[in-house]
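The block underneath contains the structure these notes are about, expressed in structure tokens.
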Amino acid sequence: MSDPAELYDAILTGNAKKAEEIAKAVLEAKVDPSEIVQKHMIPAMDEVGKRFESNEYFVPELLIAARAMKTALELITPHLVAAGVEPAGRVVIGTVQGDLHDIGKNLVASMLEGGGFQVVDLGVDVPPEKFVEAVREKGGTILALSALLTTTMTMMKTVIEALQKAGIRDATKVIIGGAPITQQYADEIGADGYSDNASAAVAVARELTS
Ligand code: B12
């Protein structure tokens with residue numbers, strides 16, 4: 001049987017095929033799915049985040065690690081649900097209208113998934129009304145907005161105003177990020193949280209749901 005601890009290395013080195021094989025084997029061996037995620041997979045993504053922050057890893061390493069994580073998670077998630085493990089919370093995420101950048105947003109989505117959140121990814125160029133609709137329909141408690149352009153970051157304020165108009169602002173926590181975004185901007189537009197990287201985004205989301 002495969003050792004679930006091997007998943008740590010498979011994710012850290014971005015080996016999606018190996019991550020898939022190990023995940024299949026340990027699930028067949030009836031290892032607790034929650035233990036696989038909490039003890040081996042999340043620590044691997046935490047380490048990936050640390051290596052990125054210390055310039056040891058760059059975007060390509062981040063992306064292949066996130067892909068390996070996602071591949072294994074897709075196999076494990078149905079077992080987590082079957083075991084009755086409650087998700088840490090639900091997140092609706094997307095890149096704001098007019099903006100097509102999605103590498104950072106995808107990383108944040110993968111890290112949140114790895115952190116135990118149920119993530120609804122609306123993609124890129126998402127109009128405010130689509131965010132409102134998704135939060136309402138899918139009961140998103142956290143709305144995560146990404147923007148990479150100074151010309152599109154103002155859409156974040158528009159989305160918050162649309163939530164207000166729809167009467168669901170108070171029931172929704174809004175977190176924002178992307179290269180031009182700062183804590184000061186988040187405060188200015190009344191967002192509930194901000195982070196400048198994907199691993200810290202998980203900590204912010206956890207704090208807002210605790
Ligand atoms: C790759 C890239 C592209 C790709 C995007 C591919 C894709 N699928 O995403 C392509 C080629 C399509 C592109 C197009 C354009 N781009 Co571009 N692009 C970039 C580039 C080089 C890298 C962005 C990136 O992926 N970074 C890596 C990721 C990992 O970092 P990140 O996105 O910042 O995300 C991290 C954090 O910000 C945070 N985060 C991100 N989102 C969120 C969300 C939440 C909720 C939280 C908590 C955290 C968080 O966590 C992430 C992970 O750690 C940047 C330069 C740069 N240094 O940022 C320019 C850049 C963003 N682009 C720029 C421009 C101008 C454009 C174009 C207008 C170019 C043109 N003339 O056509 C178009 C716009 C298209 C559009 N409508 O969106 C400018 C923006 C300038 C500005 N101040 O507005 C930049 C800064 C380049 C520059 N120096 O001029 N681009």
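Each chain in the structure tokens gets a letter, A, B and so on, in the order shown; residues start at 1 in every chain, and ligands are counted from 1 in the order they appear.
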Report as a ChimeraX atom specification which protein, DNA and RNA residues come within 9 Å of ligand 1, using only C-alpha atoms and all ligand atoms. /A:49,52-53,58-59,62-63,93-95,97-109,124-125,143-153,174-181,193-202,204-205
Find the residues around A:Glu113 up to 12 Å (only C-alpha atoms counted), leave out those fewer than 2 positions away in its own chain, and share them as a PDB file with all heavy atoms, in the first residue's frame.
```
ATOM      1  N   VAL A  37      -6.017  14.766   3.859  1.00  0.00           N
ATOM      2  CA  VAL A  37      -6.009  16.177   3.467  1.00  0.00           C
ATOM      3  C   VAL A  37      -5.297  17.027   4.520  1.00  0.00           C
ATOM      4  O   VAL A  37      -4.386  17.804   4.198  1.00  0.00           O
ATOM      5  CB  VAL A  37      -7.457  16.692   3.239  1.00  0.00           C
ATOM      6  CG1 VAL A  37      -7.459  18.182   2.930  1.00  0.00           C
ATOM      7  CG2 VAL A  37      -8.123  15.922   2.102  1.00  0.00           C
ATOM      8  N   GLN A  38      -5.712  16.860   5.786  1.00  0.00           N
ATOM      9  CA  GLN A  38      -5.192  17.742   6.845  1.00  0.00           C
ATOM     10  C   GLN A  38      -3.713  17.501   7.145  1.00  0.00           C
ATOM     11  O   GLN A  38      -2.961  18.451   7.358  1.00  0.00           O
ATOM     12  CB  GLN A  38      -5.987  17.539   8.150  1.00  0.00           C
ATOM     13  CG  GLN A  38      -7.481  17.781   8.039  1.00  0.00           C
ATOM     14  CD  GLN A  38      -7.832  19.236   7.744  1.00  0.00           C
ATOM     15  OE1 GLN A  38      -7.049  20.129   8.034  1.00  0.00           O
ATOM     16  NE2 GLN A  38      -8.980  19.466   7.135  1.00  0.00           N
ATOM     17  N   MET A  41      -1.755  16.826   2.665  1.00  0.00           N
ATOM     18  CA  MET A  41      -1.932  17.673   1.478  1.00  0.00           C
ATOM     19  C   MET A  41      -1.867  19.162   1.797  1.00  0.00           C
ATOM     20  O   MET A  41      -1.178  19.920   1.119  1.00  0.00           O
ATOM     21  CB  MET A  41      -3.246  17.301   0.787  1.00  0.00           C
ATOM     22  CG  MET A  41      -3.193  15.877   0.267  1.00  0.00           C
ATOM     23  SD  MET A  41      -4.767  15.278  -0.352  1.00  0.00           S
ATOM     24  CE  MET A  41      -5.082  16.370  -1.709  1.00  0.00           C
ATOM     25  N   ILE A  42      -2.597  19.591   2.862  1.00  0.00           N
ATOM     26  CA  ILE A  42      -2.563  21.016   3.198  1.00  0.00           C
ATOM     27  C   ILE A  42      -1.142  21.444   3.600  1.00  0.00           C
ATOM     28  O   ILE A  42      -0.651  22.476   3.114  1.00  0.00           O
ATOM     29  CB  ILE A  42      -3.623  21.373   4.271  1.00  0.00           C
ATOM     30  CG1 ILE A  42      -5.018  21.155   3.674  1.00  0.00           C
ATOM     31  CG2 ILE A  42      -3.462  22.808   4.758  1.00  0.00           C
ATOM     32  CD1 ILE A  42      -6.164  21.360   4.629  1.00  0.00           C
ATOM     33  N   MET A  45       0.804  22.181   0.485  1.00  0.00           N
ATOM     34  CA  MET A  45       0.510  23.466  -0.158  1.00  0.00           C
ATOM     35  C   MET A  45       1.009  24.629   0.704  1.00  0.00           C
ATOM     36  O   MET A  45       1.414  25.659   0.175  1.00  0.00           O
ATOM     37  CB  MET A  45      -0.995  23.616  -0.444  1.00  0.00           C
ATOM     38  CG  MET A  45      -1.488  22.836  -1.652  1.00  0.00           C
ATOM     39  SD  MET A  45      -0.515  23.046  -3.172  1.00  0.00           S
ATOM     40  CE  MET A  45      -1.154  24.560  -3.848  1.00  0.00           C
ATOM     41  N   ALA A  66      -0.272  23.203  -7.590  1.00  0.00           N
ATOM     42  CA  ALA A  66      -1.722  23.400  -7.426  1.00  0.00           C
ATOM     43  C   ALA A  66      -2.483  22.358  -8.252  1.00  0.00           C
ATOM     44  O   ALA A  66      -3.516  21.832  -7.817  1.00  0.00           O
ATOM     45  CB  ALA A  66      -2.110  24.809  -7.858  1.00  0.00           C
ATOM     46  N   ARG A  67      -1.953  22.030  -9.434  1.00  0.00           N
ATOM     47  CA  ARG A  67      -2.622  21.033 -10.289  1.00  0.00           C
ATOM     48  C   ARG A  67      -2.568  19.640  -9.640  1.00  0.00           C
ATOM     49  O   ARG A  67      -3.562  18.910  -9.635  1.00  0.00           O
ATOM     50  CB  ARG A  67      -1.941  21.001 -11.672  1.00  0.00           C
ATOM     51  CG  ARG A  67      -2.722  20.219 -12.712  1.00  0.00           C
ATOM     52  CD  ARG A  67      -1.933  20.057 -13.984  1.00  0.00           C
ATOM     53  NE  ARG A  67      -0.611  19.485 -13.714  1.00  0.00           N
ATOM     54  CZ  ARG A  67       0.391  19.430 -14.586  1.00  0.00           C
ATOM     55  NH1 ARG A  67       0.245  19.940 -15.777  1.00  0.00           N
ATOM     56  NH2 ARG A  67       1.542  18.869 -14.261  1.00  0.00           N
ATOM     57  N   MET A  69      -2.332  19.051  -6.461  1.00  0.00           N
ATOM     58  CA  MET A  69      -3.239  19.139  -5.302  1.00  0.00           C
ATOM     59  C   MET A  69      -4.680  18.920  -5.771  1.00  0.00           C
ATOM     60  O   MET A  69      -5.441  18.152  -5.186  1.00  0.00           O
ATOM     61  CB  MET A  69      -3.084  20.540  -4.697  1.00  0.00           C
ATOM     62  CG  MET A  69      -4.006  20.837  -3.555  1.00  0.00           C
ATOM     63  SD  MET A  69      -3.315  20.177  -2.041  1.00  0.00           S
ATOM     64  CE  MET A  69      -4.571  20.651  -0.869  1.00  0.00           C
ATOM     65  N   LYS A  70      -5.037  19.617  -6.852  1.00  0.00           N
ATOM     66  CA  LYS A  70      -6.409  19.548  -7.367  1.00  0.00           C
ATOM     67  C   LYS A  70      -6.755  18.129  -7.817  1.00  0.00           C
ATOM     68  O   LYS A  70      -7.843  17.623  -7.560  1.00  0.00           O
ATOM     69  CB  LYS A  70      -6.549  20.509  -8.555  1.00  0.00           C
ATOM     70  CG  LYS A  70      -7.645  21.518  -8.326  1.00  0.00           C
ATOM     71  CD  LYS A  70      -7.795  22.440  -9.488  1.00  0.00           C
ATOM     72  CE  LYS A  70      -9.182  23.063  -9.410  1.00  0.00           C
ATOM     73  NZ  LYS A  70      -9.371  24.105 -10.385  1.00  0.00           N
ATOM     74  N   THR A  71      -5.796  17.484  -8.519  1.00  0.00           N
ATOM     75  CA  THR A  71      -6.017  16.134  -9.023  1.00  0.00           C
ATOM     76  C   THR A  71      -6.340  15.178  -7.877  1.00  0.00           C
ATOM     77  O   THR A  71      -7.299  14.403  -7.935  1.00  0.00           O
ATOM     78  CB  THR A  71      -4.756  15.631  -9.770  1.00  0.00           C
ATOM     79  OG1 THR A  71      -4.432  16.590 -10.769  1.00  0.00           O
ATOM     80  CG2 THR A  71      -4.978  14.292 -10.426  1.00  0.00           C
ATOM     81  N   ALA A  72      -5.525  15.259  -6.804  1.00  0.00           N
ATOM     82  CA  ALA A  72      -5.759  14.364  -5.658  1.00  0.00           C
ATOM     83  C   ALA A  72      -7.047  14.739  -4.930  1.00  0.00           C
ATOM     84  O   ALA A  72      -7.825  13.864  -4.529  1.00  0.00           O
ATOM     85  CB  ALA A  72      -4.565  14.431  -4.708  1.00  0.00           C
ATOM     86  N   LEU A  73      -7.291  16.058  -4.810  1.00  0.00           N
ATOM     87  CA  LEU A  73      -8.499  16.503  -4.090  1.00  0.00           C
ATOM     88  C   LEU A  73      -9.778  16.042  -4.778  1.00  0.00           C
ATOM     89  O   LEU A  73     -10.764  15.708  -4.120  1.00  0.00           O
ATOM     90  CB  LEU A  73      -8.521  18.027  -4.007  1.00  0.00           C
ATOM     91  CG  LEU A  73      -8.069  18.678  -2.720  1.00  0.00           C
ATOM     92  CD1 LEU A  73      -8.323  20.169  -2.788  1.00  0.00           C
ATOM     93  CD2 LEU A  73      -8.766  18.100  -1.487  1.00  0.00           C
ATOM     94  N   GLU A  74      -9.754  16.055  -6.124  1.00  0.00           N
ATOM     95  CA  GLU A  74     -10.951  15.628  -6.864  1.00  0.00           C
ATOM     96  C   GLU A  74     -11.342  14.199  -6.502  1.00  0.00           C
ATOM     97  O   GLU A  74     -12.510  13.848  -6.472  1.00  0.00           O
ATOM     98  CB  GLU A  74     -10.723  15.766  -8.371  1.00  0.00           C
ATOM     99  CG  GLU A  74     -11.059  17.165  -8.857  1.00  0.00           C
ATOM    100  CD  GLU A  74     -10.505  17.483 -10.226  1.00  0.00           C
ATOM    101  OE1 GLU A  74     -10.154  16.546 -10.974  1.00  0.00           O
ATOM    102  OE2 GLU A  74     -10.410  18.687 -10.544  1.00  0.00           O
ATOM    103  N   ILE A  76     -10.489  12.724  -3.570  1.00  0.00           N
ATOM    104  CA  ILE A  76     -10.741  12.611  -2.121  1.00  0.00           C
ATOM    105  C   ILE A  76     -12.025  13.313  -1.674  1.00  0.00           C
ATOM    106  O   ILE A  76     -12.728  12.822  -0.785  1.00  0.00           O
ATOM    107  CB  ILE A  76      -9.508  13.134  -1.343  1.00  0.00           C
ATOM    108  CG1 ILE A  76      -8.326  12.186  -1.612  1.00  0.00           C
ATOM    109  CG2 ILE A  76      -9.769  13.224   0.156  1.00  0.00           C
ATOM    110  CD1 ILE A  76      -7.000  12.676  -1.134  1.00  0.00           C
ATOM    111  N   THR A  77     -12.355  14.450  -2.321  1.00  0.00           N
ATOM    112  CA  THR A  77     -13.507  15.248  -1.874  1.00  0.00           C
ATOM    113  C   THR A  77     -14.799  14.437  -1.710  1.00  0.00           C
ATOM    114  O   THR A  77     -15.474  14.561  -0.688  1.00  0.00           O
ATOM    115  CB  THR A  77     -13.725  16.457  -2.817  1.00  0.00           C
ATOM    116  OG1 THR A  77     -12.510  17.179  -2.852  1.00  0.00           O
ATOM    117  CG2 THR A  77     -14.834  17.369  -2.319  1.00  0.00           C
ATOM    118  N   PRO A  87     -17.513  21.236   5.119  1.00  0.00           N
ATOM    119  CA  PRO A  87     -16.516  22.145   4.568  1.00  0.00           C
ATOM    120  C   PRO A  87     -16.281  23.325   5.519  1.00  0.00           C
ATOM    121  O   PRO A  87     -17.161  23.681   6.302  1.00  0.00           O
ATOM    122  CB  PRO A  87     -17.151  22.622   3.251  1.00  0.00           C
ATOM    123  CG  PRO A  87     -18.526  22.103   3.203  1.00  0.00           C
ATOM    124  CD  PRO A  87     -18.713  21.115   4.314  1.00  0.00           C
ATOM    125  N   ALA A  88     -15.076  23.904   5.436  1.00  0.00           N
ATOM    126  CA  ALA A  88     -14.736  25.020   6.332  1.00  0.00           C
ATOM    127  C   ALA A  88     -15.618  26.231   6.053  1.00  0.00           C
ATOM    128  O   ALA A  88     -15.754  27.126   6.877  1.00  0.00           O
ATOM    129  CB  ALA A  88     -13.270  25.384   6.140  1.00  0.00           C
ATOM    130  N   GLY A  89     -16.228  26.244   4.876  1.00  0.00           N
ATOM    131  CA  GLY A  89     -17.080  27.354   4.479  1.00  0.00           C
ATOM    132  C   GLY A  89     -17.200  27.323   2.975  1.00  0.00           C
ATOM    133  O   GLY A  89     -16.554  26.510   2.314  1.00  0.00           O
ATOM    134  N   ARG A  90     -18.051  28.184   2.437  1.00  0.00           N
ATOM    135  CA  ARG A  90     -18.229  28.187   0.993  1.00  0.00           C
ATOM    136  C   ARG A  90     -17.711  29.510   0.428  1.00  0.00           C
ATOM    137  O   ARG A  90     -17.962  30.565   1.012  1.00  0.00           O
ATOM    138  CB  ARG A  90     -19.715  28.038   0.695  1.00  0.00           C
ATOM    139  CG  ARG A  90     -20.019  27.732  -0.743  1.00  0.00           C
ATOM    140  CD  ARG A  90     -21.497  27.862  -0.954  1.00  0.00           C
ATOM    141  NE  ARG A  90     -22.243  26.696  -0.534  1.00  0.00           N
ATOM    142  CZ  ARG A  90     -22.623  25.731  -1.377  1.00  0.00           C
ATOM    143  NH1 ARG A  90     -22.286  25.796  -2.635  1.00  0.00           N
ATOM    144  NH2 ARG A  90     -23.332  24.723  -0.945  1.00  0.00           N
ATOM    145  N   VAL A  91     -16.967  29.401  -0.665  1.00  0.00           N
ATOM    146  CA  VAL A  91     -16.390  30.602  -1.268  1.00  0.00           C
ATOM    147  C   VAL A  91     -16.825  30.692  -2.730  1.00  0.00           C
ATOM    148  O   VAL A  91     -16.709  29.725  -3.471  1.00  0.00           O
ATOM    149  CB  VAL A  91     -14.844  30.559  -1.234  1.00  0.00           C
ATOM    150  CG1 VAL A  91     -14.255  31.811  -1.872  1.00  0.00           C
ATOM    151  CG2 VAL A  91     -14.319  30.396   0.182  1.00  0.00           C
ATOM    152  N   VAL A  92     -17.330  31.864  -3.115  1.00  0.00           N
ATOM    153  CA  VAL A  92     -17.563  32.151  -4.527  1.00  0.00           C
ATOM    154  C   VAL A  92     -16.404  33.044  -4.962  1.00  0.00           C
ATOM    155  O   VAL A  92     -16.114  34.047  -4.312  1.00  0.00           O
ATOM    156  CB  VAL A  92     -18.911  32.883  -4.727  1.00  0.00           C
ATOM    157  CG1 VAL A  92     -19.036  33.386  -6.162  1.00  0.00           C
ATOM    158  CG2 VAL A  92     -20.079  31.958  -4.389  1.00  0.00           C
ATOM    159  N   ILE A  93     -15.706  32.650  -6.026  1.00  0.00           N
ATOM    160  CA  ILE A  93     -14.514  33.403  -6.442  1.00  0.00           C
ATOM    161  C   ILE A  93     -14.572  33.736  -7.924  1.00  0.00           C
ATOM    162  O   ILE A  93     -15.150  32.977  -8.720  1.00  0.00           O
ATOM    163  CB  ILE A  93     -13.222  32.596  -6.110  1.00  0.00           C
ATOM    164  CG1 ILE A  93     -11.968  33.469  -6.289  1.00  0.00           C
ATOM    165  CG2 ILE A  93     -13.106  31.328  -6.937  1.00  0.00           C
ATOM    166  CD1 ILE A  93     -10.696  32.864  -5.716  1.00  0.00           C
ATOM    167  N   ASN A 106      -6.731  31.462  -9.745  1.00  0.00           N
ATOM    168  CA  ASN A 106      -6.771  29.989  -9.714  1.00  0.00           C
ATOM    169  C   ASN A 106      -5.967  29.434  -8.540  1.00  0.00           C
ATOM    170  O   ASN A 106      -6.358  28.446  -7.921  1.00  0.00           O
ATOM    171  CB  ASN A 106      -6.232  29.400 -11.020  1.00  0.00           C
ATOM    172  CG  ASN A 106      -7.149  29.682 -12.187  1.00  0.00           C
ATOM    173  OD1 ASN A 106      -8.297  30.093 -11.993  1.00  0.00           O
ATOM    174  ND2 ASN A 106      -6.676  29.493 -13.403  1.00  0.00           N
ATOM    175  N   LEU A 107      -4.842  30.094  -8.273  1.00  0.00           N
ATOM    176  CA  LEU A 107      -4.024  29.646  -7.126  1.00  0.00           C
ATOM    177  C   LEU A 107      -4.781  29.839  -5.819  1.00  0.00           C
ATOM    178  O   LEU A 107      -4.784  28.958  -4.958  1.00  0.00           O
ATOM    179  CB  LEU A 107      -2.731  30.461  -7.067  1.00  0.00           C
ATOM    180  CG  LEU A 107      -1.616  29.982  -7.957  1.00  0.00           C
ATOM    181  CD1 LEU A 107      -0.478  30.990  -7.950  1.00  0.00           C
ATOM    182  CD2 LEU A 107      -1.103  28.633  -7.439  1.00  0.00           C
ATOM    183  N   VAL A 108      -5.411  31.004  -5.691  1.00  0.00           N
ATOM    184  CA  VAL A 108      -6.180  31.273  -4.468  1.00  0.00           C
ATOM    185  C   VAL A 108      -7.296  30.235  -4.338  1.00  0.00           C
ATOM    186  O   VAL A 108      -7.507  29.660  -3.259  1.00  0.00           O
ATOM    187  CB  VAL A 108      -6.743  32.721  -4.484  1.00  0.00           C
ATOM    188  CG1 VAL A 108      -7.687  32.955  -3.312  1.00  0.00           C
ATOM    189  CG2 VAL A 108      -5.606  33.737  -4.430  1.00  0.00           C
ATOM    190  N   ALA A 109      -7.987  29.945  -5.460  1.00  0.00           N
ATOM    191  CA  ALA A 109      -9.085  28.953  -5.426  1.00  0.00           C
ATOM    192  C   ALA A 109      -8.552  27.582  -4.993  1.00  0.00           C
ATOM    193  O   ALA A 109      -9.152  26.912  -4.152  1.00  0.00           O
ATOM    194  CB  ALA A 109      -9.756  28.871  -6.801  1.00  0.00           C
ATOM    195  N   SER A 110      -7.415  27.171  -5.551  1.00  0.00           N
ATOM    196  CA  SER A 110      -6.851  25.859  -5.202  1.00  0.00           C
ATOM    197  C   SER A 110      -6.427  25.805  -3.741  1.00  0.00           C
ATOM    198  O   SER A 110      -6.650  24.804  -3.060  1.00  0.00           O
ATOM    199  CB  SER A 110      -5.624  25.545  -6.053  1.00  0.00           C
ATOM    200  OG  SER A 110      -6.001  25.404  -7.378  1.00  0.00           O
ATOM    201  N   MET A 111      -5.814  26.891  -3.274  1.00  0.00           N
ATOM    202  CA  MET A 111      -5.370  26.910  -1.869  1.00  0.00           C
ATOM    203  C   MET A 111      -6.575  26.871  -0.936  1.00  0.00           C
ATOM    204  O   MET A 111      -6.539  26.203   0.096  1.00  0.00           O
ATOM    205  CB  MET A 111      -4.523  28.153  -1.576  1.00  0.00           C
ATOM    206  CG  MET A 111      -3.173  28.156  -2.227  1.00  0.00           C
ATOM    207  SD  MET A 111      -2.091  26.837  -1.668  1.00  0.00           S
ATOM    208  CE  MET A 111      -1.496  27.486  -0.144  1.00  0.00           C
ATOM    209  N   GLY A 115      -7.556  24.158   1.699  1.00  0.00           N
ATOM    210  CA  GLY A 115      -7.817  24.540   3.085  1.00  0.00           C
ATOM    211  C   GLY A 115      -9.162  24.059   3.589  1.00  0.00           C
ATOM    212  O   GLY A 115      -9.587  24.424   4.678  1.00  0.00           O
ATOM    213  N   GLY A 116      -9.866  23.277   2.758  1.00  0.00           N
ATOM    214  CA  GLY A 116     -11.127  22.675   3.199  1.00  0.00           C
ATOM    215  C   GLY A 116     -12.360  23.485   2.830  1.00  0.00           C
ATOM    216  O   GLY A 116     -13.471  23.143   3.231  1.00  0.00           O
ATOM    217  N   PHE A 117     -12.205  24.563   2.066  1.00  0.00           N
ATOM    218  CA  PHE A 117     -13.368  25.347   1.657  1.00  0.00           C
ATOM    219  C   PHE A 117     -13.992  24.748   0.396  1.00  0.00           C
ATOM    220  O   PHE A 117     -13.286  24.157  -0.433  1.00  0.00           O
ATOM    221  CB  PHE A 117     -12.974  26.803   1.367  1.00  0.00           C
ATOM    222  CG  PHE A 117     -12.691  27.594   2.612  1.00  0.00           C
ATOM    223  CD1 PHE A 117     -11.430  27.590   3.180  1.00  0.00           C
ATOM    224  CD2 PHE A 117     -13.692  28.314   3.240  1.00  0.00           C
ATOM    225  CE1 PHE A 117     -11.158  28.293   4.343  1.00  0.00           C
ATOM    226  CE2 PHE A 117     -13.440  29.021   4.398  1.00  0.00           C
ATOM    227  CZ  PHE A 117     -12.170  29.017   4.952  1.00  0.00           C
ATOM    228  N   GLN A 118     -15.301  24.914   0.292  1.00  0.00           N
ATOM    229  CA  GLN A 118     -15.988  24.499  -0.930  1.00  0.00           C
ATOM    230  C   GLN A 118     -15.967  25.718  -1.850  1.00  0.00           C
ATOM    231  O   GLN A 118     -16.461  26.793  -1.470  1.00  0.00           O
ATOM    232  CB  GLN A 118     -17.417  24.142  -0.562  1.00  0.00           C
ATOM    233  CG  GLN A 118     -18.169  23.454  -1.654  1.00  0.00           C
ATOM    234  CD  GLN A 118     -19.574  23.115  -1.191  1.00  0.00           C
ATOM    235  OE1 GLN A 118     -19.890  23.149  -0.003  1.00  0.00           O
ATOM    236  NE2 GLN A 118     -20.425  22.808  -2.137  1.00  0.00           N
ATOM    237  N   VAL A 119     -15.374  25.585  -3.034  1.00  0.00           N
ATOM    238  CA  VAL A 119     -15.141  26.757  -3.878  1.00  0.00           C
ATOM    239  C   VAL A 119     -15.981  26.703  -5.163  1.00  0.00           C
ATOM    240  O   VAL A 119     -15.994  25.703  -5.871  1.00  0.00           O
ATOM    241  CB  VAL A 119     -13.645  26.865  -4.251  1.00  0.00           C
ATOM    242  CG1 VAL A 119     -13.397  28.042  -5.181  1.00  0.00           C
ATOM    243  CG2 VAL A 119     -12.791  27.011  -2.987  1.00  0.00           C
ATOM    244  N   VAL A 120     -16.685  27.807  -5.417  1.00  0.00           N
ATOM    245  CA  VAL A 120     -17.423  27.953  -6.679  1.00  0.00           C
ATOM    246  C   VAL A 120     -16.663  28.994  -7.493  1.00  0.00           C
ATOM    247  O   VAL A 120     -16.622  30.171  -7.119  1.00  0.00           O
ATOM    248  CB  VAL A 120     -18.874  28.451  -6.416  1.00  0.00           C
ATOM    249  CG1 VAL A 120     -19.630  28.627  -7.720  1.00  0.00           C
ATOM    250  CG2 VAL A 120     -19.602  27.498  -5.472  1.00  0.00           C
ATOM    251  N   ASP A 121     -16.028  28.553  -8.580  1.00  0.00           N
ATOM    252  CA  ASP A 121     -15.192  29.449  -9.375  1.00  0.00           C
ATOM    253  C   ASP A 121     -15.974  29.939 -10.594  1.00  0.00           C
ATOM    254  O   ASP A 121     -16.323  29.157 -11.472  1.00  0.00           O
ATOM    255  CB  ASP A 121     -13.915  28.693  -9.809  1.00  0.00           C
ATOM    256  CG  ASP A 121     -12.907  29.614 -10.476  1.00  0.00           C
ATOM    257  OD1 ASP A 121     -13.262  30.759 -10.826  1.00  0.00           O
ATOM    258  OD2 ASP A 121     -11.753  29.181 -10.658  1.00  0.00           O
ATOM    259  N   ALA A 198      -1.667  33.686  -2.058  1.00  0.00           N
ATOM    260  CA  ALA A 198      -2.691  32.650  -1.965  1.00  0.00           C
ATOM    261  C   ALA A 198      -2.704  31.936  -0.612  1.00  0.00           C
ATOM    262  O   ALA A 198      -3.774  31.605  -0.106  1.00  0.00           O
ATOM    263  CB  ALA A 198      -2.506  31.637  -3.091  1.00  0.00           C
ATOM    264  N   SER A 199      -1.535  31.717  -0.007  1.00  0.00           N
ATOM    265  CA  SER A 199      -1.580  30.983   1.259  1.00  0.00           C
ATOM    266  C   SER A 199      -2.158  31.844   2.378  1.00  0.00           C
ATOM    267  O   SER A 199      -2.930  31.355   3.211  1.00  0.00           O
ATOM    268  CB  SER A 199      -0.220  30.391   1.639  1.00  0.00           C
ATOM    269  OG  SER A 199       0.772  31.344   1.566  1.00  0.00           O
ATOM    270  N   ALA A 201      -4.367  34.044   1.920  1.00  0.00           N
ATOM    271  CA  ALA A 201      -5.810  34.170   1.635  1.00  0.00           C
ATOM    272  C   ALA A 201      -6.600  33.134   2.434  1.00  0.00           C
ATOM    273  O   ALA A 201      -7.702  33.403   2.909  1.00  0.00           O
ATOM    274  CB  ALA A 201      -6.071  33.992   0.134  1.00  0.00           C
ATOM    275  N   VAL A 202      -6.016  31.943   2.606  1.00  0.00           N
ATOM    276  CA  VAL A 202      -6.692  30.877   3.365  1.00  0.00           C
ATOM    277  C   VAL A 202      -6.822  31.298   4.831  1.00  0.00           C
ATOM    278  O   VAL A 202      -7.884  31.139   5.449  1.00  0.00           O
ATOM    279  CB  VAL A 202      -5.936  29.533   3.245  1.00  0.00           C
ATOM    280  CG1 VAL A 202      -6.649  28.448   4.027  1.00  0.00           C
ATOM    281  CG2 VAL A 202      -5.778  29.134   1.784  1.00  0.00           C
ATOM    282  N   ALA A 205      -9.546  33.852   5.103  1.00  0.00           N
ATOM    283  CA  ALA A 205     -10.875  33.219   4.975  1.00  0.00           C
ATOM    284  C   ALA A 205     -11.232  32.472   6.254  1.00  0.00           C
ATOM    285  O   ALA A 205     -12.377  32.522   6.720  1.00  0.00           O
ATOM    286  CB  ALA A 205     -10.889  32.276   3.774  1.00  0.00           C
ATOM    287  N   ARG A 206     -10.246  31.788   6.838  1.00  0.00           N
ATOM    288  CA  ARG A 206     -10.509  31.046   8.087  1.00  0.00           C
ATOM    289  C   ARG A 206     -10.906  32.000   9.205  1.00  0.00           C
ATOM    290  O   ARG A 206     -11.828  31.736   9.962  1.00  0.00           O
ATOM    291  CB  ARG A 206      -9.257  30.271   8.507  1.00  0.00           C
ATOM    292  CG  ARG A 206      -9.081  28.998   7.703  1.00  0.00           C
ATOM    293  CD  ARG A 206      -8.128  28.031   8.415  1.00  0.00           C
ATOM    294  NE  ARG A 206      -7.878  26.893   7.557  1.00  0.00           N
ATOM    295  CZ  ARG A 206      -6.669  26.468   7.208  1.00  0.00           C
ATOM    296  NH1 ARG A 206      -5.598  27.090   7.647  1.00  0.00           N
ATOM    297  NH2 ARG A 206      -6.545  25.416   6.429  1.00  0.00           N
TER     298      ARG A 206
END
```
As a count of residues only, which residues of stretch 105-210 of chain A does DSSP assign to helix (DSSP H, G or I)? 51
Could you go through stretch 23-96 of chain A and tell me which residues DSSP, when run on the backbone, assigns to strand (DSSP E), listing them as a VMD selection string? chain A and resid 90 to 95
Hey, what's within 10 Å of stretch 21-32 of chain A if we count only C-alpha atoms and toss same-chain stuff fewer than 4 positions away? As number ranges by chain, please? A: 1-7, 10, 16-17, 36-37, 71-76, 79-80, 83
Limited to C-alpha atoms, could you put the picked residues into a file as an mmCIF file, in the first residue's frame?
```cif
data_model
loop_
_atom_site.group_PDB
_atom_site.id
_atom_site.type_symbol
_atom_site.label_atom_id
_atom_site.label_comp_id
_atom_site.auth_asym_id
_atom_site.auth_seq_id
_atom_site.Cartn_x
_atom_site.Cartn_y
_atom_site.Cartn_z
ATOM 1 C CA MET A 1 0.000 0.000 0.000
ATOM 2 C CA SER A 2 1.112 3.590 -0.619
ATOM 3 C CA ASP A 3 2.020 5.739 2.333
ATOM 4 C CA PRO A 4 -0.234 8.848 2.514
ATOM 5 C CA ALA A 5 2.867 10.826 3.560
ATOM 6 C CA GLU A 6 4.136 10.357 -0.017
ATOM 7 C CA LEU A 7 1.370 12.717 -1.138
ATOM 8 C CA ALA A 10 4.071 14.418 -4.895
ATOM 9 C CA ALA A 16 -0.006 15.084 -10.534
ATOM 10 C CA LYS A 17 0.184 11.519 -11.845
ATOM 11 C CA ILE A 36 -5.016 12.577 4.191
ATOM 12 C CA VAL A 37 -6.009 16.177 3.467
ATOM 13 C CA THR A 71 -6.017 16.134 -9.023
ATOM 14 C CA ALA A 72 -5.759 14.364 -5.658
ATOM 15 C CA LEU A 73 -8.499 16.503 -4.090
ATOM 16 C CA GLU A 74 -10.951 15.628 -6.864
ATOM 17 C CA LEU A 75 -10.609 11.977 -5.862
ATOM 18 C CA ILE A 76 -10.741 12.611 -2.121
ATOM 19 C CA HIS A 79 -15.108 10.646 0.383
ATOM 20 C CA LEU A 80 -14.872 13.689 2.663
ATOM 21 C CA ALA A 83 -17.663 10.879 5.802
#
```
